Amino acid sequence: MASEMRQVDAVIHERLSSQVALIDRISTYIVSAGGKRIRPRLVLLFARALGFHGPERFELAATVEVIHTATLLHDDVVDESSLRRGRATSNALFGNAASVLVGDFLYSRAFQMMVSVNRMRVLDVLADATNIIAEGEVLQLMNMHDPDISVDDYLRVIRYKTAKLFEASARLGAVLGGAERALEDSCAEYGQALGTAFQLVDDLLDYQGKREELGKNVGDDLREGKPTLPLLIAMQRSSEAERQFVRSAIEHGEVERLPEIIELVQRTGALDATRAAAEAEAERARRCIGALRPSPAREALLELCVRAVNRTS
Ligand code: GRG
């Protein structure tokens, strides 16, 4: 994949150039910081697994990464995050207004890119996906500081805000590969399951991860009062006094309570249970691609299921 991913990176750099200096500066800053490039990989791997080798795959792989980058710029403003990809966030360095506006530039540039491949189905998939992502973020905002949300409410947020772009990326590869609708839906479901596993692990690492490996701060979810699965499960398995402790931490974003909360999510098995939920989603993803012909691309898609759960960054 290395040479194909370099081609994707070349398209991203080319498409993000602008005569407006601040756009160039911020987009180069965030894109050159790296990132795992999982979503473009999904486009390429599904296209390849289904025998498509046309140049549109690079354009669409780049498009989903540009959309992802736009969401990161916006998300870091909303979350007031200070560290991303091991560097100061764009909002910390250039301010909120510049970050939001350059995010808008990237988002609208992604629409120019997707139009350029001249396929209505592609527009359909990405218009729906971006709309759902935005709904997910608003739902998450509504759930903030609310310890009474259900596990289903939580799962809906992560399916929308994170898994939807994984799903769309996988589906786009299948669309390029000319898959019939049932196969396209199985590929999309792989993306949804993988993206859900990925976000479950993200939420786990916010309590268990290391800042240096993650490239972002741990404990940010607690600081923001995000009721993620480790906390929801810990509350189900706690004494009344412990439950009140977690409720208060969510309601008031008591990040200074992080050490006690980490001890609790570990002791109650909430972190293990979150990992088990991620494993189950990864297993669902694996099942979805059972119908693909054996190939190196299919192997790589299976390998991604392992990495999504075992990742530390
Ligand atoms: C512009 C369509 C649009 C919407 C704005 C703010 C917002 C609405 C959406 C944010 C969605 C979001 C950032 C969800 C979190 C997804 C997530 C786990 C991001 C981290 O992904 P990685 O680990 O990042 O793949 P790297 O740095 O590796 O690329």
# chains A, B, ... in the order shown; residues from 1 in each chain; ligands from 1

call {"tool": "select_by_dssp", "arguments": {"residues": "segment 232-313 of chain A", "states": "helix (DSSP H, G or I)", "output": "PyMOL selection string"}}
result
chain A and resi 232-236+240-252+255-267+270-288+296-310

call {"tool": "residues_around", "arguments": {"residues": "Ala170 of chain A", "least_positions_apart": "4", "cutoff": "6 Å", "atoms": "only C-alpha atoms", "output": "number ranges by chain"}}
result
A: 42-43, 187-188, 191

call {"tool": "write_last_selection", "arguments": {"atoms": "C-alpha atoms", "output": "mmCIF file, in the first residue's frame"}}
result
data_model
loop_
_atom_site.group_PDB
_atom_site.id
_atom_site.type_symbol
_atom_site.label_atom_id
_atom_site.label_comp_id
_atom_site.auth_asym_id
_atom_site.auth_seq_id
_atom_site.Cartn_x
_atom_site.Cartn_y
_atom_site.Cartn_z
ATOM 1 C CA LEU A 42 -10.446 1.645 3.198
ATOM 2 C CA VAL A 43 -11.361 3.240 -0.148
ATOM 3 C CA CYS A 187 -18.650 -3.603 2.609
ATOM 4 C CA ALA A 188 -20.348 -0.570 4.177
ATOM 5 C CA GLY A 191 -16.789 0.038 7.694
#

call {"tool": "closest_residue", "arguments": {"among": "A:Phe245, A:Tyr207, A:Phe105, A:Tyr190", "to": "ligand 1", "atoms": "only C-alpha atoms and all ligand atoms"}}
result
A:Phe105

call {"tool": "residues_near_ligand", "arguments": {"ligand": "ligand 1", "cutoff": "6 Å", "atoms": "only C-alpha atoms and all ligand atoms", "output": "VMD selection string"}}
result
chain A and resid 35 to 37 70 to 72 74 to 75 85 107 130 133 to 134 137 161 to 162 199

call {"tool": "write_last_selection", "arguments": {"atoms": "C-alpha atoms", "output": "short mmCIF file (atom, residue, chain, number, x, y, z; two decimals), in the first residue's frame"}}
result
data_model
loop_
_atom_site.label_atom_id
_atom_site.label_comp_id
_atom_site.auth_asym_id
_atom_site.auth_seq_id
_atom_site.Cartn_x
_atom_site.Cartn_y
_atom_site.Cartn_z
CA GLY A 35 -2.34 10.72 10.99
CA LYS A 36 -3.03 7.07 10.38
CA ARG A 37 -4.84 7.57 7.02
CA ALA A 70 -12.06 19.25 8.31
CA THR A 71 -13.91 17.44 11.09
CA LEU A 72 -10.73 17.35 13.22
CA HIS A 74 -13.85 21.73 13.89
CA ASP A 75 -13.80 19.10 16.64
CA ARG A 85 -1.11 14.26 16.26
CA TYR A 107 -14.95 20.64 3.70
CA THR A 130 -21.26 14.30 6.26
CA ILE A 133 -21.45 13.16 11.15
CA ALA A 134 -22.75 16.64 11.94
CA GLU A 137 -21.65 15.88 16.95
CA LYS A 161 -19.70 10.89 14.48
CA THR A 162 -16.99 8.31 13.72
CA GLN A 199 -14.14 4.74 18.52
#

call {"tool": "select_by_dssp", "arguments": {"residues": "segment 68-262 of chain A", "states": "strand (DSSP E)", "output": "list in words"}}
result
Leu83, Arg84, Arg87 and Ala88 of chain A

call {"tool": "write_last_selection", "arguments": {"atoms": "N, CA and C atoms", "output": "short mmCIF file (atom, residue, chain, number, x, y, z; two decimals), in the first residue's frame"}}
result
data_model
loop_
_atom_site.label_atom_id
_atom_site.label_comp_id
_atom_site.auth_asym_id
_atom_site.auth_seq_id
_atom_site.Cartn_x
_atom_site.Cartn_y
_atom_site.Cartn_z
N LEU A 83 -3.90 19.44 21.97
CA LEU A 83 -2.88 18.56 21.38
C LEU A 83 -3.54 17.60 20.41
N ARG A 84 -2.94 17.48 19.21
CA ARG A 84 -3.46 16.55 18.19
C ARG A 84 -2.28 16.10 17.35
N ARG A 87 1.13 17.38 18.21
CA ARG A 87 1.47 18.81 18.08
C ARG A 87 0.36 19.66 18.68
N ALA A 88 0.70 20.93 18.90
CA ALA A 88 -0.34 21.86 19.32
C ALA A 88 -1.44 21.85 18.26
#

call {"tool": "closest_residue", "arguments": {"among": "A:Leu258, A:Val151, A:Ile38, A:Ala297", "to": "Leu232 of chain A", "atoms": "only C-alpha atoms"}}
result
A:Val151

call {"tool": "atom_distance", "arguments": {"atom1": "atom CA of Arg121 of chain A", "atom2": "atom CA of Gly178 of chain A"}}
result
11.1 Å

call {"tool": "closest_residue", "arguments": {"among": "A:Ile261, A:Val102, A:Ala193, A:Val175", "to": "Ser17 of chain A", "atoms": "only C-alpha atoms"}}
result
A:Val102

call {"tool": "residues_around", "arguments": {"residues": "Pro40 of chain A", "least_positions_apart": "4", "cutoff": "10 Å", "atoms": "only C-alpha atoms", "output": "list in words"}}
result
Met5, Val8, Asp9, Lys36, Leu44, Leu45, Arg57, Phe58, Glu59, Leu60, Ala61, Ala62, Thr63, Val64, Glu65, Val66, His68, Phe166, Ser169, Ala170 and Gly173 of chain A

call {"tool": "closest_residue", "arguments": {"among": "A:Arg293, A:Arg6, A:Lys210, A:Arg267", "to": "Arg48 of chain A", "atoms": "only C-alpha atoms"}}
result
A:Arg293

call {"tool": "residues_around", "arguments": {"residues": "Leu93 of chain A", "least_positions_apart": "4", "cutoff": "12 Å", "atoms": "only C-alpha atoms", "output": "PyMOL selection string"}}
result
chain A and resi 25-26+29-30+73+76-77+80-84+87-89+97-99

call {"tool": "write_last_selection", "arguments": {"atoms": "N, CA, C and O atoms", "output": "PDB file, in the first residue's frame"}}
result
ATOM      1  N   ARG A  25      -1.152  27.552   5.102  1.00  0.00           N
ATOM      2  CA  ARG A  25      -0.361  27.351   6.310  1.00  0.00           C
ATOM      3  C   ARG A  25      -1.034  26.333   7.240  1.00  0.00           C
ATOM      4  O   ARG A  25      -0.409  25.391   7.709  1.00  0.00           O
ATOM      5  N   ILE A  26      -2.339  26.532   7.496  1.00  0.00           N
ATOM      6  CA  ILE A  26      -3.025  25.655   8.458  1.00  0.00           C
ATOM      7  C   ILE A  26      -3.234  24.267   7.871  1.00  0.00           C
ATOM      8  O   ILE A  26      -3.028  23.255   8.541  1.00  0.00           O
ATOM      9  N   TYR A  29      -0.047  22.464   7.903  1.00  0.00           N
ATOM     10  CA  TYR A  29       0.319  22.165   9.293  1.00  0.00           C
ATOM     11  C   TYR A  29      -0.347  20.878   9.768  1.00  0.00           C
ATOM     12  O   TYR A  29       0.302  19.972  10.281  1.00  0.00           O
ATOM     13  N   ILE A  30      -1.660  20.769   9.543  1.00  0.00           N
ATOM     14  CA  ILE A  30      -2.370  19.591  10.083  1.00  0.00           C
ATOM     15  C   ILE A  30      -2.131  18.348   9.233  1.00  0.00           C
ATOM     16  O   ILE A  30      -1.928  17.254   9.747  1.00  0.00           O
ATOM     17  N   LEU A  73     -10.425  19.666  12.561  1.00  0.00           N
ATOM     18  CA  LEU A  73     -10.252  21.104  12.846  1.00  0.00           C
ATOM     19  C   LEU A  73     -11.456  21.625  13.641  1.00  0.00           C
ATOM     20  O   LEU A  73     -11.298  22.357  14.624  1.00  0.00           O
ATOM     21  N   ASP A  76     -11.662  20.002  17.327  1.00  0.00           N
ATOM     22  CA  ASP A  76     -10.717  20.524  18.317  1.00  0.00           C
ATOM     23  C   ASP A  76     -11.145  21.895  18.836  1.00  0.00           C
ATOM     24  O   ASP A  76     -10.840  22.246  19.986  1.00  0.00           O
ATOM     25  N   VAL A  77     -11.859  22.641  18.001  1.00  0.00           N
ATOM     26  CA  VAL A  77     -12.406  23.922  18.486  1.00  0.00           C
ATOM     27  C   VAL A  77     -13.529  23.641  19.481  1.00  0.00           C
ATOM     28  O   VAL A  77     -13.551  24.169  20.606  1.00  0.00           O
ATOM     29  N   GLU A  80     -12.185  22.288  22.620  1.00  0.00           N
ATOM     30  CA  GLU A  80     -11.110  23.126  23.195  1.00  0.00           C
ATOM     31  C   GLU A  80      -9.854  22.291  23.431  1.00  0.00           C
ATOM     32  O   GLU A  80      -9.181  22.407  24.462  1.00  0.00           O
ATOM     33  N   SER A  81      -9.527  21.404  22.458  1.00  0.00           N
ATOM     34  CA  SER A  81      -8.351  20.539  22.614  1.00  0.00           C
ATOM     35  C   SER A  81      -7.076  21.310  22.303  1.00  0.00           C
ATOM     36  O   SER A  81      -7.085  22.230  21.476  1.00  0.00           O
ATOM     37  N   SER A  82      -5.996  20.883  22.959  1.00  0.00           N
ATOM     38  CA  SER A  82      -4.738  21.611  22.758  1.00  0.00           C
ATOM     39  C   SER A  82      -3.671  20.774  22.059  1.00  0.00           C
ATOM     40  O   SER A  82      -2.651  21.301  21.631  1.00  0.00           O
ATOM     41  N   LEU A  83      -3.899  19.442  21.973  1.00  0.00           N
ATOM     42  CA  LEU A  83      -2.883  18.565  21.380  1.00  0.00           C
ATOM     43  C   LEU A  83      -3.538  17.598  20.406  1.00  0.00           C
ATOM     44  O   LEU A  83      -4.535  16.960  20.738  1.00  0.00           O
ATOM     45  N   ARG A  84      -2.943  17.477  19.214  1.00  0.00           N
ATOM     46  CA  ARG A  84      -3.461  16.546  18.192  1.00  0.00           C
ATOM     47  C   ARG A  84      -2.279  16.103  17.346  1.00  0.00           C
ATOM     48  O   ARG A  84      -1.461  16.922  16.943  1.00  0.00           O
ATOM     49  N   ARG A  87       1.127  17.379  18.209  1.00  0.00           N
ATOM     50  CA  ARG A  87       1.471  18.807  18.076  1.00  0.00           C
ATOM     51  C   ARG A  87       0.360  19.662  18.680  1.00  0.00           C
ATOM     52  O   ARG A  87      -0.753  19.182  18.872  1.00  0.00           O
ATOM     53  N   ALA A  88       0.698  20.926  18.901  1.00  0.00           N
ATOM     54  CA  ALA A  88      -0.344  21.860  19.325  1.00  0.00           C
ATOM     55  C   ALA A  88      -1.444  21.849  18.265  1.00  0.00           C
ATOM     56  O   ALA A  88      -1.162  21.753  17.063  1.00  0.00           O
ATOM     57  N   THR A  89      -2.708  21.900  18.706  1.00  0.00           N
ATOM     58  CA  THR A  89      -3.811  21.922  17.729  1.00  0.00           C
ATOM     59  C   THR A  89      -3.787  23.247  16.962  1.00  0.00           C
ATOM     60  O   THR A  89      -3.221  24.248  17.426  1.00  0.00           O
ATOM     61  N   ALA A  97     -11.249  31.003  15.211  1.00  0.00           N
ATOM     62  CA  ALA A  97     -11.874  31.499  13.970  1.00  0.00           C
ATOM     63  C   ALA A  97     -11.144  30.930  12.759  1.00  0.00           C
ATOM     64  O   ALA A  97     -11.767  30.390  11.822  1.00  0.00           O
ATOM     65  N   ALA A  98      -9.807  30.998  12.794  1.00  0.00           N
ATOM     66  CA  ALA A  98      -9.033  30.499  11.644  1.00  0.00           C
ATOM     67  C   ALA A  98      -9.257  29.000  11.460  1.00  0.00           C
ATOM     68  O   ALA A  98      -9.399  28.510  10.331  1.00  0.00           O
ATOM     69  N   SER A  99      -9.322  28.261  12.566  1.00  0.00           N
ATOM     70  CA  SER A  99      -9.510  26.805  12.470  1.00  0.00           C
ATOM     71  C   SER A  99     -10.868  26.453  11.870  1.00  0.00           C
ATOM     72  O   SER A  99     -10.974  25.570  11.012  1.00  0.00           O
TER      73      SER A  99
END

call {"tool": "residues_around", "arguments": {"residues": "Glu189 of chain A", "least_positions_apart": "6", "cutoff": "12 Å", "atoms": "only C-alpha atoms", "output": "VMD selection string"}}
result
chain A and resid 159 163 to 171 174 182 to 183 195 to 196 281 to 289

call {"tool": "closest_residue", "arguments": {"among": "A:Asn91, A:Ser108, A:Ser248, A:Thr268", "to": "Gln236 of chain A", "atoms": "only C-alpha atoms"}}
result
A:Thr268

call {"tool": "closest_residue", "arguments": {"among": "A:Gln208, A:Thr274, A:Ser238, A:Ser32", "to": "Gly86 of chain A", "atoms": "only C-alpha atoms"}}
result
A:Ser32
